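Below: the structure, in C-alpha cells.
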Number of protein chains: 2
Amino acid sequence: MTVSLAQIRETSGEVFLEGCPTRVVLDHIMSKWGVLVLLALTDGTLRWGELRREVEGISEKMLASTLRTLEADGLVARTSYPEVPPRVEYALTDLGRDLMDRMLPLVEWVAAHAGSIVER
Amino acid sequence: MTVSLAQIRETSGEVFLEGCPTRVVLDHIMSKWGVLVLLALTDGTLRWGELRREVEGISEKMLASTLRTLEADGLVARTSYPEVPPRVEYALTDLGRDLMDRMLPLVEWVAAHAGSIVER
DNA sequence: CAGCATCCTTTGCGATACTG
DNA sequence: CAGTATCGCAAAGGATGCTG
C-alpha cells in the first residue's frame with residue numbers, strides 16, 4: 001500500500017461532505033471535458049483552434065467554459081497576443097503540471113484497461 | 001517525468017476521439033459520484049446503507065445507478081446474503097483496487113490543494 | 001434493509017448566430 | 001481567429017412512494 005485513504009481524511013476529512021472544496025476541484029478536473037482539455041495541454045501549449053480540434057466533439061461553449069474554470073483554478077494559463085488576427089495560447093501552469101503528474105498514471109491505467117472493461 | 005502522454009497515445013491513441021472506450025470508462029470512474037463511491041469503498045466493504053451515509057448528499061437513485069455501472073465495469077463486487085432483513089455488501093474487486101492505487105495519489109493531491117485553489 | 005418505478009425539476013450541453 | 005449571446009432540448013438528478 002503506497003497511499004492510504006486515512007491520509008486523505010487527515011488532509012481533508014471532508015471529502016465525503018457536501019460543499020467540501022475537494023469535491024469542487026474534483027468536479028472541475030474530473031469532469032468529462034476537464035480531463036480531456038488538461039490532457040491535451042499536457043502535450044504542450046495549444047491555441048484555441050488547435051484545442052478545439054484536438055478534443056474531438058467539444059463544442060465552443062464547453063471549451064470556453066472549461067478553459068475559464070481551469071484558468072480560474074490556476075491550472076491553465078491563458079496568454080493573448082495583441083495581433084491581428086488575434087492569437088491566444090493556453091498552457092498548463094506549474095500547478096497544472098503538478099496535477100497532471102498525478103493524473104497521467106491514472107489515465108494510462110484506464111487507457112490500458114478500458115477495452116476489456118467496456119466489452120463486458 | 002515519470003509518464004508521458006505519448007505512452008497513452010500508444011496504448012489508446014483514441015483518447016481524444018469520440019466514442020473511445022477510454023472516454024467511456026473515464027466518465028464512469030471520474031463522475032461526480034463515481035469517485036466518491038470508489039473512494040468510500042477503498043476503506044473496505046460497506047453495506048448499502050453505510051455507503052449512502054458515507055457519501056453525503058447522494059440520492060438513492062444515484063447510488064443505485066452508480067453502483068450498477070461500477071459493478072458492470074468489474075470494479076465493484078456486490079454480495080447479497082439471503083437473510084431477513086436483507087443484507088448486501090459492496091467491495092472493490094482486484095481491478096477496482098488496482099484502479100484506486102492510481103487514483104488515490106491524485107485525490108490526495110487535490111485534497112491537499114483544493115483549499116488554496118478554491119479561495120481564489 | 002435494500003432497492004425499483006414514477007414524476008418532475010434542474011442542469012448540461014449542443015446548435016446557431018453574431019462580434020472585436 | 002477567438003471568442004460571446006441566446007435558444008432549446010435531452011439528460012441528469014432529486015423527491016416520493018412502493019415492494020420483496
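Simple scheme: letters A, B, ... for chains in C-alpha cells order, numbers from 1 for residues in each chain, numbers from 1 for ligands in the order shown.
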Within 12 Å of Glu56 (chain B) using only C-alpha atoms (C1' of nucleotides), minus same-chain residues under 5 positions, as a PDB file with C-alpha atoms, in the first residue's frame:
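Below you can see result36.pdb, which holds the result:
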ATOM      1  CA  GLU A  14     -14.464  16.477   4.469  1.00  0.00           C
ATOM      2  CA  VAL A  15     -14.124  14.743   1.122  1.00  0.00           C
ATOM      3  CA  PHE A  16     -17.355  12.950   1.762  1.00  0.00           C
ATOM      4  CA  LEU A  17     -19.181  16.057   2.930  1.00  0.00           C
ATOM      5  CA  GLU A  18     -21.209  18.280   0.660  1.00  0.00           C
ATOM      6  CA  GLY A  19     -19.689  21.603  -0.262  1.00  0.00           C
ATOM      7  CA  CYS A  20     -16.176  20.417   0.544  1.00  0.00           C
ATOM      8  CA  ARG A  23     -15.375  17.996  -4.176  1.00  0.00           C
TER       9      ARG A  23
ATOM     10  CA  TRP B  33     -20.497  10.178  -7.620  1.00  0.00           C
ATOM     11  CA  LEU B  36     -16.775   9.245  -4.111  1.00  0.00           C
ATOM     12  CA  VAL B  37     -18.263   5.757  -4.087  1.00  0.00           C
ATOM     13  CA  ALA B  40     -15.610   5.166   0.198  1.00  0.00           C
ATOM     14  CA  GLY B  49     -26.982   1.985   3.979  1.00  0.00           C
ATOM     15  CA  GLU B  50     -23.448   2.689   5.145  1.00  0.00           C
ATOM     16  CA  LEU B  51     -22.474   3.746   1.652  1.00  0.00           C
ATOM     17  CA  MET B  62     -27.748   7.907  -7.983  1.00  0.00           C
ATOM     18  CA  LEU B  63     -26.224   5.434  -5.545  1.00  0.00           C
TER      19      LEU B  63
END
Interface list for chain B, partner chain C, 7 Å threshold, only C-alpha atoms (C1' of nucleotides), as a VMD selection string: chain B and resid 48 85 to 87
Go ahead and write the selection's residues with all heavy atoms as an mmCIF file, in the first residue's frame.
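Final file, part35.cif:
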data_model
loop_
_atom_site.group_PDB
_atom_site.id
_atom_site.type_symbol
_atom_site.label_atom_id
_atom_site.label_comp_id
_atom_site.auth_asym_id
_atom_site.auth_seq_id
_atom_site.Cartn_x
_atom_site.Cartn_y
_atom_site.Cartn_z
ATOM 1 N N TRP B 48 -25.118 -1.159 1.762
ATOM 2 C CA TRP B 48 -25.854 -0.117 1.049
ATOM 3 C C TRP B 48 -26.092 1.117 1.928
ATOM 4 O O TRP B 48 -25.770 2.240 1.553
ATOM 5 C CB TRP B 48 -27.187 -0.685 0.554
ATOM 6 C CG TRP B 48 -28.185 0.336 0.137
ATOM 7 C CD1 TRP B 48 -29.076 1.010 0.947
ATOM 8 C CD2 TRP B 48 -28.391 0.839 -1.182
ATOM 9 N NE1 TRP B 48 -29.821 1.876 0.200
ATOM 10 C CE2 TRP B 48 -29.426 1.795 -1.116
ATOM 11 C CE3 TRP B 48 -27.804 0.567 -2.421
ATOM 12 C CZ2 TRP B 48 -29.891 2.483 -2.218
ATOM 13 C CZ3 TRP B 48 -28.279 1.252 -3.534
ATOM 14 C CH2 TRP B 48 -29.300 2.201 -3.428
ATOM 15 N N PRO B 85 -33.775 -9.330 7.811
ATOM 16 C CA PRO B 85 -33.823 -8.447 6.645
ATOM 17 C C PRO B 85 -32.603 -8.641 5.750
ATOM 18 O O PRO B 85 -31.556 -9.084 6.229
ATOM 19 C CB PRO B 85 -33.835 -7.050 7.269
ATOM 20 C CG PRO B 85 -33.141 -7.208 8.571
ATOM 21 C CD PRO B 85 -33.498 -8.588 9.052
ATOM 22 N N PRO B 86 -32.772 -8.294 4.489
ATOM 23 C CA PRO B 86 -31.693 -8.484 3.512
ATOM 24 C C PRO B 86 -30.434 -7.698 3.854
ATOM 25 O O PRO B 86 -30.497 -6.612 4.402
ATOM 26 C CB PRO B 86 -32.304 -7.977 2.209
ATOM 27 C CG PRO B 86 -33.514 -7.223 2.583
ATOM 28 C CD PRO B 86 -33.977 -7.748 3.874
ATOM 29 N N ARG B 87 -29.293 -8.296 3.522
ATOM 30 C CA ARG B 87 -28.025 -7.609 3.729
ATOM 31 C C ARG B 87 -27.230 -7.711 2.438
ATOM 32 O O ARG B 87 -27.083 -8.784 1.865
ATOM 33 C CB ARG B 87 -27.253 -8.273 4.886
ATOM 34 C CG ARG B 87 -25.901 -7.652 5.165
ATOM 35 C CD ARG B 87 -25.365 -8.124 6.517
ATOM 36 N NE ARG B 87 -25.220 -9.584 6.554
ATOM 37 C CZ ARG B 87 -24.046 -10.210 6.401
ATOM 38 N NH1 ARG B 87 -22.950 -9.516 6.199
ATOM 39 N NH2 ARG B 87 -23.982 -11.521 6.456
#
Hey, could you make a per-residue contact list for chain B against chain A with 8 Å as the cut-off, showing the nearest pair of atoms and its distance in Å to one decimal, counting only C-alpha atoms, sorted by chain and number, as a Markdown table?
| residue | atom | partner | partner_atom | distance |
| --- | --- | --- | --- | --- |
| B:Met1 | CA | A:Asp101 | CA | 7.7 |
| B:Thr2 | CA | A:Asp101 | CA | 7.6 |
| B:Val3 | CA | A:Leu104 | CA | 6.6 |
| B:Ser4 | CA | A:Leu104 | CA | 7.5 |
| B:Leu5 | CA | A:Asp43 | CA | 6.7 |
| B:Gln7 | CA | A:Glu108 | CA | 7.6 |
| B:Ile8 | CA | A:Glu108 | CA | 5.5 |
| B:Thr11 | CA | A:Ala112 | CA | 6.0 |
| B:Ser12 | CA | A:Ala111 | CA | 5.6 |
| B:Val15 | CA | A:Ala111 | CA | 7.5 |
| B:Phe16 | CA | A:Val55 | CA | 5.2 |
| B:Leu17 | CA | A:Glu56 | CA | 5.3 |
| B:Glu18 | CA | A:Glu56 | CA | 6.1 |
| B:Pro21 | CA | A:Ala114 | CA | 5.5 |
| B:Thr22 | CA | A:Ala114 | CA | 5.1 |
| B:Val24 | CA | A:Val118 | CA | 7.8 |
| B:Val25 | CA | A:Ala114 | CA | 6.0 |
| B:Leu26 | CA | A:Val110 | CA | 7.0 |
| B:Asp27 | CA | A:Lys32 | CA | 6.2 |
| B:Met30 | CA | A:Met30 | CA | 5.3 |
| B:Ser31 | CA | A:Ser31 | CA | 6.7 |
| B:Lys32 | CA | A:Asp27 | CA | 6.2 |
| B:Leu36 | CA | A:Phe16 | CA | 7.0 |
| B:Leu39 | CA | A:Leu5 | CA | 7.7 |
| B:Thr42 | CA | A:Leu5 | CA | 6.9 |
| B:Asp43 | CA | A:Leu5 | CA | 6.7 |
| B:Glu54 | CA | A:Phe16 | CA | 6.5 |
| B:Val55 | CA | A:Phe16 | CA | 5.2 |
| B:Glu56 | CA | A:Leu17 | CA | 5.3 |
| B:Gly57 | CA | A:Glu18 | CA | 6.2 |
| B:Ala72 | CA | A:Arg120 | CA | 7.3 |
| B:Asp73 | CA | A:Ile117 | CA | 5.4 |
| B:Gly74 | CA | A:Ile117 | CA | 7.0 |
| B:Leu99 | CA | A:Trp109 | CA | 7.3 |
| B:Asp101 | CA | A:Val3 | CA | 7.5 |
| B:Arg102 | CA | A:Leu106 | CA | 5.0 |
| B:Met103 | CA | A:Leu106 | CA | 5.9 |
| B:Leu104 | CA | A:Val3 | CA | 6.6 |
| B:Pro105 | CA | A:Arg102 | CA | 6.3 |
| B:Leu106 | CA | A:Arg102 | CA | 5.0 |
| B:Val107 | CA | A:Ile8 | CA | 7.6 |
| B:Glu108 | CA | A:Ile8 | CA | 5.5 |
| B:Trp109 | CA | A:Leu99 | CA | 7.3 |
| B:Val110 | CA | A:Thr22 | CA | 6.2 |
| B:Ala111 | CA | A:Thr22 | CA | 5.2 |
| B:Ala112 | CA | A:Thr11 | CA | 6.0 |
| B:Ala114 | CA | A:Thr22 | CA | 5.1 |
| B:Gly115 | CA | A:Pro21 | CA | 5.9 |
| B:Ile117 | CA | A:Asp73 | CA | 5.4 |
| B:Val118 | CA | A:Pro21 | CA | 6.4 |
| B:Arg120 | CA | A:Asp73 | CA | 7.3 |
Alpha helix (DSSP H) positions in chain A, given as JSON, numbers by chain: {"A": [5, 6, 7, 8, 9, 10, 11, 21, 22, 23, 24, 25, 26, 27, 28, 29, 32, 33, 34, 35, 36, 37, 38, 39, 40, 41, 42, 48, 49, 50, 51, 52, 53, 54, 60, 61, 62, 63, 64, 65, 66, 67, 68, 69, 70, 71, 72, 94, 95, 96, 97, 98, 99, 100, 101, 102, 103, 104, 105, 106, 107, 108, 109, 110, 111, 112, 113, 114, 115, 116, 117, 118]}
Separation of CA of Thr45 (chain A) and CA of Gly96 (chain A), in Å?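 Here the two named atoms are 12.4 Å from each other.
With only C-alpha atoms (C1' of nucleotides) as the atoms that count, the residue of A:Ala77, A:Leu70, A:Ala91, A:Ala64 with the shortest distance to chain D is A:Ala64.
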Select, as a list in words, those residues of chain D with any atom no more than 12 Å from chain B (distances computed using only C-alpha atoms (C1' of nucleotides)). DA12, DG13, DG14, DA15, DT16 and DG20 of chain D
Point-to-point distance in Å for CA of Pro82 (chain B) and CA of Thr69 (chain B): 23.1 Å
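CA of Arg52 (chain A) is found 14.9 Å from CA of Arg78 (chain A).
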